[in-house]
Amino acid sequence: MAVSLRVPDDVKKRVARLADAQDTTAHAFMLEAIRDKVDAEEARAAFLAEAQRRLARMKKSGKGIPAAEVFAYLDARGKGRNPARPKVRRMP
């Protein structure tokens, strides 16, 4: 698949400067940038899909952990404490 991109002059200059600093070509720099963006978007889509699956499972089972308990647990962990993990239970 052939692709042609019209890159604005200011972006071309920025790419050329950064590519030179990394001792690579502007073409290779742009390919890496595109790959990085595609990888990030695929990871984001997978994360969202997993979140949707888990939410559906939680709604179906009726079980979960109240957000306030999760936040309190994470806050304590962030402060170096070792609190007990919140328990899963049927939600109202």
# chains A, B, ... in the order shown; residues from 1 in each chain; ligands from 1
call {"tool": "residues_around", "arguments": {"residues": "A:Ala67", "least_positions_apart": "6", "cutoff": "12 Å", "atoms": "only C-alpha atoms", "output": "MDAnalysis selection string"}}
result
chainID A and resid 73:74 86:88 91
call {"tool": "select_by_dssp", "arguments": {"residues": "chain A", "states": "alpha helix (DSSP H)", "output": "NGL selection string"}}
result
:A and (9-21 or 26-61 or 67-78)
call {"tool": "closest_residue", "arguments": {"among": "A:Gly78, A:Phe29, A:Glu50, A:Ser61", "to": "A:Arg17", "atoms": "only C-alpha atoms"}}
result
A:Phe29
call {"tool": "atom_distance", "arguments": {"atom1": "atom CA of A:Glu32", "atom2": "atom CA of A:Asp9"}}
result
19.4 Å
call {"tool": "closest_residue", "arguments": {"among": "A:Asn82, A:Glu41, A:Arg90, A:Lys12", "to": "A:Gly64", "atoms": "only C-alpha atoms"}}
result
A:Arg90
call {"tool": "select_by_dssp", "arguments": {"residues": "chain A", "states": "strand (DSSP E)", "output": "VMD selection string"}}
result
chain A and resid 63 to 64 89 to 90
